[in-house]
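Novice: File work10.tsv below, TSV, C-alpha atoms and all ligand atoms:
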```
chain	number	residue	atom	x	y	z
K	1	MET	CA	81.97	84.27	104.10
K	2	CYS	CA	83.75	83.11	100.97
K	3	ALA	CA	87.53	83.50	100.67
K	4	ASP	CA	87.19	86.31	98.14
K	5	ALA	CA	85.27	88.46	100.59
K	6	ASP	CA	88.06	88.07	103.14
K	7	PRO	CA	89.74	91.41	103.71
K	8	SER	CA	93.12	89.71	104.13
K	9	GLY	CA	92.82	88.66	100.46
K	10	GLY	CA	92.52	85.03	101.53
K	11	ARG	CA	96.07	84.91	102.86
K	12	TYR	CA	95.05	83.82	106.30
K	13	ARG	CA	92.10	81.59	105.56
K	14	ARG	CA	93.89	79.46	103.02
K	15	ARG	CA	96.33	78.29	105.67
K	16	VAL	CA	93.68	77.04	108.08
K	17	PRO	CA	93.18	73.30	107.79
K	18	GLU	CA	89.58	72.60	106.87
K	19	THR	CA	88.98	70.47	109.93
K	20	GLU	CA	89.53	73.42	112.28
K	21	THR	CA	87.27	76.33	113.04
K	22	PRO	CA	89.12	79.29	111.50
K	23	ASN	CA	88.32	81.84	114.14
K	24	GLU	CA	88.82	79.79	117.26
K	25	ALA	CA	90.84	81.86	119.77
K	26	LEU	CA	94.13	80.24	120.64
K	27	ILE	CA	95.17	83.06	122.94
K	28	ARG	CA	92.69	85.20	124.83
K	29	PHE	CA	93.63	88.33	126.77
K	30	ASP	CA	90.68	88.53	129.12
K	31	GLY	CA	90.40	91.93	130.82
K	32	VAL	CA	94.16	92.05	131.43
K	33	GLY	CA	95.93	94.93	133.12
K	34	MET	CA	99.43	95.52	134.42
K	35	THR	CA	100.49	98.09	136.97
K	36	TYR	CA	104.21	97.82	137.77
K	37	ALA	CA	105.50	98.12	141.35
K	38	ASP	CA	106.39	101.80	140.84
K	39	GLY	CA	102.78	102.58	139.89
K	40	THR	CA	103.28	102.70	136.10
K	41	VAL	CA	100.10	101.53	134.39
K	42	ALA	CA	101.52	99.75	131.33
K	43	VAL	CA	98.19	98.16	130.39
K	44	ASP	CA	94.95	99.38	131.86
K	45	HIS	CA	92.29	96.93	130.67
K	46	LEU	CA	92.44	94.95	127.48
K	47	ASP	CA	90.39	92.21	125.81
K	48	LEU	CA	91.88	90.64	122.71
K	49	ASP	CA	91.62	87.27	120.95
K	50	VAL	CA	94.32	85.80	118.77
K	51	ALA	CA	93.01	83.18	116.34
K	52	ALA	CA	94.74	79.87	115.73
K	53	HIS	CA	97.24	80.14	112.84
K	54	GLU	CA	97.03	83.91	112.79
K	55	LEU	CA	99.96	86.30	112.64
K	56	LEU	CA	98.90	89.23	114.80
K	57	THR	CA	101.11	92.30	114.97
K	58	LEU	CA	101.01	94.57	118.02
K	59	VAL	CA	102.11	98.03	116.97
K	60	GLY	CA	102.25	101.34	118.77
K	61	PRO	CA	104.59	104.02	120.04
K	62	SER	CA	107.24	103.39	122.67
K	63	GLY	CA	105.71	102.70	126.06
K	64	SER	CA	102.28	101.61	124.79
K	65	GLY	CA	102.52	98.28	126.62
K	66	LYS	CA	103.28	96.01	123.66
K	67	SER	CA	106.08	94.04	125.30
K	68	THR	CA	104.20	93.88	128.56
K	69	LEU	CA	101.24	92.26	126.79
K	70	LEU	CA	103.42	89.82	124.87
K	71	ARG	CA	105.26	88.76	128.00
K	72	MET	CA	102.00	87.99	129.78
K	73	VAL	CA	101.54	85.02	127.44
K	74	ASN	CA	104.69	83.19	128.60
K	75	ARG	CA	104.41	84.56	132.14
K	76	LEU	CA	107.50	86.73	132.05
K	77	VAL	CA	104.96	89.29	133.27
K	78	GLU	CA	102.12	88.30	135.60
K	79	PRO	CA	99.15	90.62	134.98
K	80	THR	CA	97.86	92.51	138.00
K	81	ARG	CA	94.33	92.03	136.72
K	82	GLY	CA	92.52	89.71	134.32
K	83	ARG	CA	93.89	86.51	132.80
K	84	VAL	CA	95.50	85.14	129.68
K	85	LEU	CA	94.01	81.94	128.32
K	86	LEU	CA	95.99	79.64	126.05
K	87	GLU	CA	93.73	77.09	124.38
K	88	GLY	CA	91.17	77.93	127.03
K	89	GLU	CA	93.52	77.32	129.96
K	90	ASP	CA	94.57	80.12	132.33
K	91	VAL	CA	98.36	80.34	131.87
K	92	ALA	CA	98.73	81.30	135.56
K	93	ARG	CA	97.76	77.71	136.37
K	94	VAL	CA	100.36	76.14	134.10
K	95	ASP	CA	103.88	75.47	135.37
K	96	ALA	CA	105.97	78.35	133.96
K	97	ALA	CA	108.86	76.19	132.72
K	98	ARG	CA	106.49	73.78	130.95
K	99	LEU	CA	104.55	76.69	129.49
K	100	ARG	CA	107.71	78.32	128.09
K	101	ARG	CA	108.99	75.10	126.54
K	102	GLY	CA	105.83	75.02	124.43
K	103	ILE	CA	106.08	78.65	123.28
K	104	GLY	CA	108.72	80.02	120.90
K	105	TYR	CA	110.14	83.37	121.99
K	106	VAL	CA	112.28	85.60	119.79
K	107	ILE	CA	113.65	88.94	120.95
K	108	GLN	CA	115.60	91.72	119.31
K	109	ASP	CA	119.16	90.64	120.03
K	110	VAL	CA	118.22	86.99	119.90
K	111	GLY	CA	120.08	86.03	123.06
K	112	LEU	CA	122.02	83.18	121.46
K	113	PHE	CA	124.50	81.45	123.75
K	114	PRO	CA	127.85	82.87	122.56
K	115	HIS	CA	129.96	79.84	123.48
K	116	ARG	CA	127.70	77.31	121.78
K	117	THR	CA	127.62	76.66	118.05
K	118	VAL	CA	124.64	77.54	115.91
K	119	ALA	CA	123.57	73.89	115.83
K	120	GLN	CA	123.88	73.62	119.63
K	121	ASN	CA	121.86	76.80	120.07
K	122	VAL	CA	119.04	75.49	117.90
K	123	ALA	CA	119.16	72.17	119.80
K	124	THR	CA	118.69	73.85	123.20
K	125	VAL	CA	115.07	72.97	123.90
K	126	PRO	CA	115.12	69.55	122.22
K	127	GLY	CA	118.06	68.86	124.60
K	128	LEU	CA	115.98	69.93	127.61
K	129	LEU	CA	113.18	67.68	126.41
K	130	GLY	CA	115.55	64.71	126.14
K	131	TRP	CA	115.27	64.12	122.39
K	132	ASP	CA	117.79	61.57	121.12
K	133	ARG	CA	120.81	62.78	119.14
K	134	ARG	CA	119.64	61.64	115.75
K	135	ARG	CA	116.21	63.23	116.02
K	136	THR	CA	117.79	66.46	117.29
K	137	ARG	CA	120.38	66.51	114.51
K	138	GLU	CA	117.74	65.98	111.84
K	139	ARG	CA	115.50	68.68	113.29
K	140	VAL	CA	118.38	71.16	113.50
K	141	ALA	CA	119.30	70.56	109.85
K	142	GLU	CA	115.67	70.89	108.79
K	143	LEU	CA	115.26	74.18	110.66
K	144	LEU	CA	118.48	75.75	109.45
K	145	THR	CA	117.44	74.90	105.89
K	146	LEU	CA	114.01	76.42	106.53
K	147	VAL	CA	115.57	79.74	107.53
K	148	ARG	CA	117.92	79.52	104.52
K	149	LEU	CA	121.14	78.71	106.35
K	150	ASP	CA	123.33	75.80	105.29
K	151	PRO	CA	123.53	73.25	108.14
K	152	ALA	CA	126.99	72.09	107.02
K	153	VAL	CA	128.40	75.61	106.72
K	154	HIS	CA	126.62	77.55	109.44
K	155	GLY	CA	125.78	74.79	111.94
K	156	PRO	CA	129.33	74.49	113.34
K	157	ARG	CA	129.91	78.26	113.53
K	158	TYR	CA	129.65	80.38	116.65
K	159	PRO	CA	127.19	83.30	116.80
K	160	HIS	CA	129.94	85.93	116.46
K	161	GLU	CA	130.87	84.36	113.11
K	162	LEU	CA	127.47	85.26	111.62
K	163	SER	CA	125.96	88.50	110.35
K	164	GLY	CA	123.19	90.17	112.40
K	165	GLY	CA	120.55	88.92	109.96
K	166	GLN	CA	121.91	85.37	110.10
K	167	ARG	CA	121.87	85.46	113.91
K	168	GLN	CA	118.25	86.53	113.77
K	169	ARG	CA	117.49	83.57	111.51
K	170	VAL	CA	119.10	81.26	114.06
K	171	GLY	CA	116.89	82.83	116.72
K	172	VAL	CA	113.82	82.00	114.65
K	173	ALA	CA	115.06	78.46	114.00
K	174	ARG	CA	115.71	77.94	117.72
K	175	ALA	CA	112.24	79.18	118.63
K	176	LEU	CA	110.65	76.77	116.12
K	177	ALA	CA	112.67	73.73	117.23
K	178	THR	CA	109.94	71.89	119.11
K	179	HIS	CA	107.03	72.75	116.79
K	180	PRO	CA	105.53	75.31	119.16
K	181	LYS	CA	101.89	76.22	118.60
K	182	VAL	CA	102.66	79.79	119.52
K	183	MET	CA	105.55	82.10	118.71
K	184	LEU	CA	106.03	85.36	120.57
K	185	MET	CA	108.30	87.82	118.80
K	186	ASP	CA	109.44	91.12	120.30
K	187	GLU	CA	110.94	93.44	117.66
K	188	PRO	CA	112.54	90.33	116.10
K	189	PHE	CA	114.13	92.19	113.20
K	190	GLY	CA	114.81	95.43	115.05
K	191	ALA	CA	118.59	95.12	115.14
K	192	VAL	CA	118.99	94.25	111.46
K	193	ASP	CA	119.85	96.83	108.75
K	194	PRO	CA	116.92	97.93	106.53
K	195	GLU	CA	117.82	95.78	103.55
K	196	GLY	CA	118.42	92.61	105.55
K	197	ARG	CA	115.30	93.40	107.48
K	198	ARG	CA	113.09	93.40	104.38
K	199	SER	CA	114.35	90.00	103.25
K	200	LEU	CA	113.96	88.57	106.76
K	201	GLN	CA	110.40	89.87	106.87
K	202	THR	CA	109.52	88.28	103.53
K	203	GLU	CA	111.10	85.01	104.55
K	204	PHE	CA	109.45	84.98	107.90
K	205	ARG	CA	106.09	85.50	106.21
K	206	ARG	CA	106.86	82.52	103.94
K	207	ILE	CA	107.82	80.37	106.93
K	208	HIS	CA	104.65	81.37	108.72
K	209	ASP	CA	102.54	80.53	105.68
K	210	GLU	CA	104.24	77.15	105.47
K	211	LEU	CA	103.96	76.21	109.15
K	212	GLY	CA	100.77	78.00	110.21
K	213	THR	CA	102.19	78.68	113.68
K	214	THR	CA	100.20	81.23	115.65
K	215	VAL	CA	102.41	84.31	115.99
K	216	VAL	CA	102.11	87.46	118.07
K	217	MET	CA	104.72	89.98	116.96
K	218	VAL	CA	105.56	93.28	118.62
K	219	THR	CA	106.87	96.08	116.45
K	220	HIS	CA	106.93	99.86	116.56
K	221	ASP	CA	107.20	99.95	112.75
K	222	ILE	CA	103.82	100.37	111.07
K	223	ASP	CA	105.24	99.22	107.71
K	224	GLU	CA	106.37	95.96	109.27
K	225	ALA	CA	103.04	95.58	111.07
K	226	VAL	CA	100.94	95.91	107.92
K	227	LEU	CA	103.30	93.91	105.74
K	228	LEU	CA	103.40	90.88	108.04
K	229	GLY	CA	100.18	90.86	110.01
K	230	ASP	CA	96.98	89.01	109.14
K	231	ARG	CA	95.54	91.51	111.60
K	232	VAL	CA	97.10	94.55	113.20
K	233	ALA	CA	96.40	95.74	116.75
K	234	VAL	CA	97.27	99.43	117.12
K	235	LEU	CA	97.96	100.39	120.74
K	236	SER	CA	98.40	103.72	122.50
K	237	GLN	CA	99.65	104.58	126.01
K	238	GLY	CA	98.21	102.39	128.73
K	239	GLY	CA	97.81	99.44	126.35
K	240	ARG	CA	94.69	101.03	124.88
K	241	LEU	CA	93.49	99.17	121.79
K	242	GLU	CA	92.83	101.87	119.21
K	243	GLN	CA	92.10	99.56	116.28
K	244	LEU	CA	92.15	95.84	115.54
K	245	ALA	CA	91.70	94.97	111.88
K	246	PRO	CA	93.34	93.48	108.79
K	247	PRO	CA	96.14	95.69	107.41
K	248	ALA	CA	94.17	96.93	104.39
K	249	VAL	CA	91.37	98.08	106.67
K	250	VAL	CA	93.71	99.88	109.08
K	251	LEU	CA	95.32	101.65	106.13
K	252	SER	CA	92.13	102.58	104.31
K	253	ARG	CA	89.93	103.28	107.30
K	254	PRO	CA	91.95	104.28	110.37
K	255	ALA	CA	89.60	104.12	113.35
K	256	ASN	CA	90.51	107.55	114.73
K	257	PRO	CA	92.99	110.44	114.43
K	258	PHE	CA	95.53	108.61	116.63
K	259	VAL	CA	95.72	105.67	114.21
K	260	GLU	CA	95.77	108.03	111.23
K	261	ARG	CA	98.71	109.95	112.69
K	262	PHE	CA	100.50	106.77	113.61
K	263	ILE	CA	100.23	105.40	110.06
K	264	GLY	CA	101.74	108.60	108.74
K	265	ASP	CA	102.24	109.48	105.10
K	266	ALA	CA	101.72	107.43	101.97
K	267	ARG	CA	98.73	105.44	103.16
K	268	ALA	CA	97.64	104.69	99.59
K	269	VAL	CA	101.07	103.36	98.64
K	270	LYS	CA	101.15	101.17	101.74
K	271	LEU	CA	97.69	99.88	100.88
K	272	LEU	CA	98.76	98.90	97.35
K	273	ARG	CA	101.65	97.03	98.93
K	274	VAL	CA	99.61	94.95	101.34
K	275	ALA	CA	96.46	94.25	99.28
K	276	ARG	CA	96.82	91.38	96.84
K	277	LEU	CA	95.34	90.44	93.53
K	278	ALA	CA	92.75	87.63	93.70
K	279	ARG	CA	91.24	85.54	90.94
K	280	ALA	CA	87.89	87.22	91.54
K	281	ASP	CA	89.35	90.52	90.30
K	282	VAL	CA	90.36	89.04	86.95
K	283	GLU	CA	88.32	89.03	83.73
K	284	PRO	CA	88.52	85.32	82.79
K	285	GLY	CA	90.01	84.47	79.43
K	286	ARG	CA	93.38	84.35	77.72
K	287	ALA	CA	96.24	86.34	79.22
K	288	ASP	CA	97.47	87.31	75.73
K	289	ARG	CA	99.04	90.63	76.70
K	290	PRO	CA	102.68	91.60	76.73
K	291	VAL	CA	102.63	92.68	80.40
K	292	VAL	CA	101.68	90.01	82.88
K	293	VAL	CA	100.98	89.98	86.61
K	294	ARG	CA	100.42	87.07	88.93
K	295	VAL	CA	97.45	86.24	91.18
K	296	GLY	CA	98.54	86.83	94.80
K	297	GLU	CA	100.97	89.64	93.94
K	298	PRO	CA	100.61	92.97	95.73
K	299	LEU	CA	98.32	95.38	93.90
K	300	GLU	CA	101.35	97.68	93.62
K	301	ALA	CA	102.66	95.34	90.89
K	302	ALA	CA	99.32	95.36	89.06
K	303	PHE	CA	99.15	99.15	89.36
K	304	SER	CA	102.65	99.61	87.87
K	305	ALA	CA	101.90	97.10	85.11
K	306	LEU	CA	98.66	98.88	84.22
K	307	ALA	CA	100.40	102.22	84.20
K	308	ALA	CA	102.96	100.81	81.75
K	309	SER	CA	100.37	99.21	79.48
K	310	PRO	CA	99.37	101.36	76.46
K	311	GLU	CA	95.94	99.66	76.25
K	312	GLY	CA	95.33	99.78	80.01
K	313	VAL	CA	94.92	96.00	80.22
K	314	VAL	CA	97.39	93.42	81.48
K	315	GLY	CA	97.46	89.64	81.39
K	316	VAL	CA	97.13	87.62	84.60
K	317	VAL	CA	98.66	84.22	85.33
K	318	ASP	CA	98.41	81.92	88.34
K	319	ASP	CA	101.23	80.67	90.58
K	320	GLY	CA	102.18	78.01	88.08
K	321	GLY	CA	102.30	80.53	85.21
K	322	ALA	CA	99.03	79.35	83.61
K	323	ALA	CA	96.85	82.04	82.01
K	324	VAL	CA	93.91	83.18	84.13
K	325	GLY	CA	92.63	86.22	82.21
K	326	THR	CA	93.10	89.97	82.05
K	327	LEU	CA	92.99	92.91	84.45
K	328	GLY	CA	91.97	96.46	83.64
K	329	PRO	CA	91.36	99.56	85.79
K	330	ALA	CA	87.91	98.30	86.82
K	331	GLY	CA	89.46	95.06	88.10
K	332	LEU	CA	92.07	96.96	90.04
K	333	HIS	CA	89.38	99.11	91.58
K	334	ALA	CA	87.37	96.00	92.49
K	335	ALA	CA	90.50	94.48	94.06
K	336	LEU	CA	91.02	97.56	96.23
K	337	ARG	CA	87.38	97.58	97.30
K	338	ARG	CA	87.56	93.90	98.21
K	339	ALA	CA	90.75	94.46	100.18
K	340	VAL	CA	89.26	97.20	102.34
K	341	ARG	CA	85.88	95.59	102.92
K	342	THR	CA	85.28	94.62	106.50
K	343	ASP	CA	82.67	92.58	108.29
K	344	GLU	CA	82.30	95.26	110.95
K	345	GLY	CA	81.54	97.96	108.56
K	401	LIG	N1	109.65	96.39	135.04
K	401	LIG	C1	109.04	97.58	134.90
K	401	LIG	N2	108.88	98.41	135.95
K	401	LIG	C2	108.24	99.59	135.82
K	401	LIG	N3	107.74	100.05	134.65
K	401	LIG	C3	107.90	99.28	133.57
K	401	LIG	C4	108.55	98.00	133.63
K	401	LIG	N4	108.53	97.45	132.39
K	401	LIG	C5	107.91	98.36	131.59
K	401	LIG	N5	107.52	99.44	132.29
K	401	LIG	C6	106.79	100.62	131.79
K	401	LIG	O1	105.55	100.17	131.27
K	401	LIG	C7	105.21	100.93	130.10
K	401	LIG	C8	105.02	99.97	128.94
K	401	LIG	O2	106.25	99.33	128.66
K	401	LIG	P1	106.41	98.26	127.50
K	401	LIG	O3	107.82	97.85	127.45
K	401	LIG	O4	105.38	97.22	127.65
K	401	LIG	O5	106.05	99.17	126.22
K	401	LIG	P2	106.37	98.94	124.69
K	401	LIG	O6	105.17	99.43	123.96
K	401	LIG	O7	106.81	97.55	124.44
K	401	LIG	O8	107.58	99.95	124.47
K	401	LIG	P3	108.87	99.88	123.50
K	401	LIG	O9	108.34	99.96	122.09
K	401	LIG	O10	109.64	101.11	123.89
K	401	LIG	O11	109.57	98.61	123.81
K	401	LIG	C9	106.34	101.92	129.90
K	401	LIG	O12	105.96	103.15	130.47
K	401	LIG	C10	107.51	101.30	130.65
K	401	LIG	O13	108.39	102.29	131.12
```
Spell out the structure here as structure tokens.

Specialist:
Amino acid sequence: MCADADPSGGRYRRRVPETETPNEALIRFDGVGMTYADGTVAVDHLDLDVAAHELLTLVGPSGSGKSTLLRMVNRLVEPTRGRVLLEGEDVARVDAARLRRGIGYVIQDVGLFPHRTVAQNVATVPGLLGWDRRRTRERVAELLTLVRLDPAVHGPRYPHELSGGQRQRVGVARALATHPKVMLMDEPFGAVDPEGRRSLQTEFRRIHDELGTTVVMVTHDIDEAVLLGDRVAVLSQGGRLEQLAPPAVVLSRPANPFVERFIGDARAVKLLRVARLARADVEPGRADRPVVVRVGEPLEAAFSALAASPEGVVGVVDDGGAAVGTLGPAGLHAALRRAVRTDEG
């Protein structure tokens, strides 16, 4: 399949190094189930593959088993049936401490050590692994810069001297310290106010695109799930997988009434936000129009620009600002159709 036929708009595939098989499963939930000691069936029976470099969001109402599933990967929960394979290896056979050192884990309130500075917090796992001071210091500075904190200013501070959003950034930096292949995130931005949350989400997406770390993220917020995920897994009670698909497909073709209800209102608006303009949608030529949109921008921007254009045509430029061509209503329609196309259907 060529990149333009990819329902994620090429976002995911572009990040996969060419030497790797794009759809190789890094994490496999193989017939997993979890019944807690009091008889609660959190997850009944679930099969699910997470591809290398993918950002998979697990979304569903409270009690649908999202955290239980996530915690099976780093063995904070041992499934009562089935197995979880990480790079083909049953995690139950891997020493738990070693397993966890290789997996980043970010939770809602971060769990930073209050009496250690930001820099010391980020250096926690490198310290456990015996990295020398210089290597650790360089890595800490690199990571704080990556999450847009200033190592000189924020590094020496204590967690209580930061805002909630900044603490969450430190949590992300700490989880990335040892270049983990996998990041598990449980409502990572849940405690942050809505405005800070949106900028953290955008930045986390950028970091993910840059690093290509495989991420499984739990959220109960469908907007967050479709904004961030390469694919979205919608769960209901008992860890039942109601739909697993790229965001544009979930939004345009919910698998059943449960998913439709869970998405709620404004599906079309959400779809315009997650689907992105690709070169294939553009009429090649000069972008000599007063209103201009960029390849890769959400279709929402193209839609607004078209609505504002008296002629119903806007210019399109690439990332570097070079002219690519023009976009009219037919191109926008084609872009939407491409976004919602799916191999399964
Ligand atoms: N240690 C436990 N003992 C007994 N039941 C538990 C335990 N942990 C979770 N559960 C139950 O398992 C079910 C799934 O819980 P889980 O935390 O995985 O759901 P969730 O989808 O992450 O929910 P939330 O969005 O509220 O965090 C719930 O009914 C919960 O009460």

Novice: Would you mind telling me which residue in K:Asp281, K:Met72, K:Pro61, K:Thr40 lies nearest to Arg261 (chain K) when using only C-alpha atoms?

Specialist: K:Pro61

Novice: Distance limit 9 Å, reference ligand LIG 401 (chain K), atoms considered: only C-alpha atoms and all ligand atoms. Which residues make the cut? Give them as an mmCIF file with C-alpha atoms, keeping the file's coordinate frame.

Specialist:
```cif
data_model
loop_
_atom_site.group_PDB
_atom_site.id
_atom_site.type_symbol
_atom_site.label_atom_id
_atom_site.label_comp_id
_atom_site.auth_asym_id
_atom_site.auth_seq_id
_atom_site.Cartn_x
_atom_site.Cartn_y
_atom_site.Cartn_z
ATOM 1 C CA MET K 34 99.430 95.520 134.420
ATOM 2 C CA THR K 35 100.490 98.090 136.970
ATOM 3 C CA TYR K 36 104.210 97.820 137.770
ATOM 4 C CA ALA K 37 105.500 98.120 141.350
ATOM 5 C CA ASP K 38 106.390 101.800 140.840
ATOM 6 C CA GLY K 39 102.780 102.580 139.890
ATOM 7 C CA THR K 40 103.280 102.700 136.100
ATOM 8 C CA VAL K 41 100.100 101.530 134.390
ATOM 9 C CA ALA K 42 101.520 99.750 131.330
ATOM 10 C CA VAL K 43 98.190 98.160 130.390
ATOM 11 C CA LEU K 58 101.010 94.570 118.020
ATOM 12 C CA VAL K 59 102.110 98.030 116.970
ATOM 13 C CA GLY K 60 102.250 101.340 118.770
ATOM 14 C CA PRO K 61 104.590 104.020 120.040
ATOM 15 C CA SER K 62 107.240 103.390 122.670
ATOM 16 C CA GLY K 63 105.710 102.700 126.060
ATOM 17 C CA SER K 64 102.280 101.610 124.790
ATOM 18 C CA GLY K 65 102.520 98.280 126.620
ATOM 19 C CA LYS K 66 103.280 96.010 123.660
ATOM 20 C CA SER K 67 106.080 94.040 125.300
ATOM 21 C CA THR K 68 104.200 93.880 128.560
ATOM 22 C CA LEU K 69 101.240 92.260 126.790
ATOM 23 C CA LEU K 70 103.420 89.820 124.870
ATOM 24 C CA ARG K 71 105.260 88.760 128.000
ATOM 25 C CA VAL K 77 104.960 89.290 133.270
ATOM 26 C CA ASP K 186 109.440 91.120 120.300
ATOM 27 C CA GLU K 187 110.940 93.440 117.660
ATOM 28 C CA VAL K 218 105.560 93.280 118.620
ATOM 29 C CA THR K 219 106.870 96.080 116.450
ATOM 30 C CA HIS K 220 106.930 99.860 116.560
ATOM 31 C CA LEU K 235 97.960 100.390 120.740
ATOM 32 C CA SER K 236 98.400 103.720 122.500
ATOM 33 C CA GLN K 237 99.650 104.580 126.010
ATOM 34 C CA GLY K 238 98.210 102.390 128.730
ATOM 35 C CA GLY K 239 97.810 99.440 126.350
#
```

Novice: Would you list the contacts of region 301-303 of chain K as a ChimeraX atom specification, taking every protein, DNA or RNA residue within 12 Å and counting all atoms listed in the file, but skipping same-chain residues closer than 2 positions in sequence?

Specialist: /K:268-269,271-278,281-282,291-299,305-309,312-317,326-333,335-336

Novice: Rounded to one decimal in Å, what is the spacing between CA of Asp44 (chain K) and CA of Leu227 (chain K)?

Specialist: 28.0 Å

Novice: Please compute the CA of Thr202 (chain K)-CA of Asp150 (chain K) distance, one decimal, in Å.

Specialist: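 We find that CA of Thr202 (chain K) and CA of Asp150 (chain K) lie 18.7 Å from each other.
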
Novice: Using all atoms listed in the file, list the residues that have an atom at most 8 Å from (114.0, 88.9, 122.9), coordinates as in the file, as a list of chain:residue names.

Specialist: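 Those residues lying close to the given coordinates are K:Tyr105, K:Val106, K:Ile107, K:Gln108, K:Asp109, K:Val110, K:Gly111, K:Met185, K:Asp186, K:Glu187, K:Pro188.
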
Novice: For a cut-off of 12 Å around (95.9, 106.7, 112.6), file coordinates, pick out all residues using only C-alpha atoms and list them as a PyMOL selection string.

Specialist: chain K and resi 59-61+222+233-236+242-244+249-265+267

Novice: Restrict the selected residues to C-alpha atoms and save them as a compact mmCIF listing (two decimals), in the frame of the given file.

Specialist:
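What follows is the written file out-v6.txt:
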```
# COMPACT_ATOMS: atom_id res chain seq x y z
CA VAL K 59 102.11 98.03 116.97
CA GLY K 60 102.25 101.34 118.77
CA PRO K 61 104.59 104.02 120.04
CA ILE K 222 103.82 100.37 111.07
CA ALA K 233 96.40 95.74 116.75
CA VAL K 234 97.27 99.43 117.12
CA LEU K 235 97.96 100.39 120.74
CA SER K 236 98.40 103.72 122.50
CA GLU K 242 92.83 101.87 119.21
CA GLN K 243 92.10 99.56 116.28
CA LEU K 244 92.15 95.84 115.54
CA VAL K 249 91.37 98.08 106.67
CA VAL K 250 93.71 99.88 109.08
CA LEU K 251 95.32 101.65 106.13
CA SER K 252 92.13 102.58 104.31
CA ARG K 253 89.93 103.28 107.30
CA PRO K 254 91.95 104.28 110.37
CA ALA K 255 89.60 104.12 113.35
CA ASN K 256 90.51 107.55 114.73
CA PRO K 257 92.99 110.44 114.43
CA PHE K 258 95.53 108.61 116.63
CA VAL K 259 95.72 105.67 114.21
CA GLU K 260 95.77 108.03 111.23
CA ARG K 261 98.71 109.95 112.69
CA PHE K 262 100.50 106.77 113.61
CA ILE K 263 100.23 105.40 110.06
CA GLY K 264 101.74 108.60 108.74
CA ASP K 265 102.24 109.48 105.10
CA ARG K 267 98.73 105.44 103.16
```

Novice: K:Arg231, K:Arg167, K:His154, K:His160: which is nearest Met217 (chain K), counting all atoms listed in the file?

Specialist: K:Arg231

Novice: Could you check how far CA of Pro114 (chain K) sits from CA of Tyr158 (chain K), in Å to one decimal?

Specialist: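 Going from CA of Pro114 (chain K) over to CA of Tyr158 (chain K), I get 6.7 Å.
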
Novice: For Leu162 (chain K), which residue out of K:Thr145, K:Val118, K:Ser304, K:Gly82 is the nearest one, using all atoms listed in the file?

Specialist: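 Selected residue with least distance to Leu162 (chain K): K:Val118.
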
Novice: Hey, which of K:Val340, K:Val50, K:Val122, K:Ala152 ends up closest to Val140 (chain K)? Count only C-alpha atoms.

Specialist: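 Once distances to Val140 (chain K) are computed over only C-alpha atoms, the minimum belongs to K:Val122.
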
Novice: Mind checking which residues fall within 8 Å of Gly285 (chain K), counting only C-alpha atoms, ignoring those fewer than 3 positions away in the same chain, and posting them as a ChimeraX atom specification?

Specialist: /K:323-326

Novice: Nearest to Gln168 (chain K) among K:Arg148, K:Arg286, K:Arg139, K:Arg240, with distances taken over all atoms listed in the file: which residue is it?

Specialist: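 When distances to Gln168 (chain K) are compared using all atoms listed in the file, the smallest one comes from K:Arg148.
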
Novice: Point out the residue among K:Asp223, K:Asp30, K:Asp49, K:Glu142 with the least atom-to-atom distance to Asp90 (chain K), counting only C-alpha atoms.

Specialist: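 Among K:Asp223, K:Asp30, K:Asp49, K:Glu142, it is K:Asp30 that comes nearest to Asp90 (chain K).
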
Novice: Determine, counting all atoms listed in the file, which protein, DNA and RNA residues have an atom within 10 Å of an atom of Leu211 (chain K); residues of the same chain fewer than 3 positions away are not included. Present the result as a PyMOL selection string.

Specialist: chain K and resi 15+53+176+179+181+205-208+214
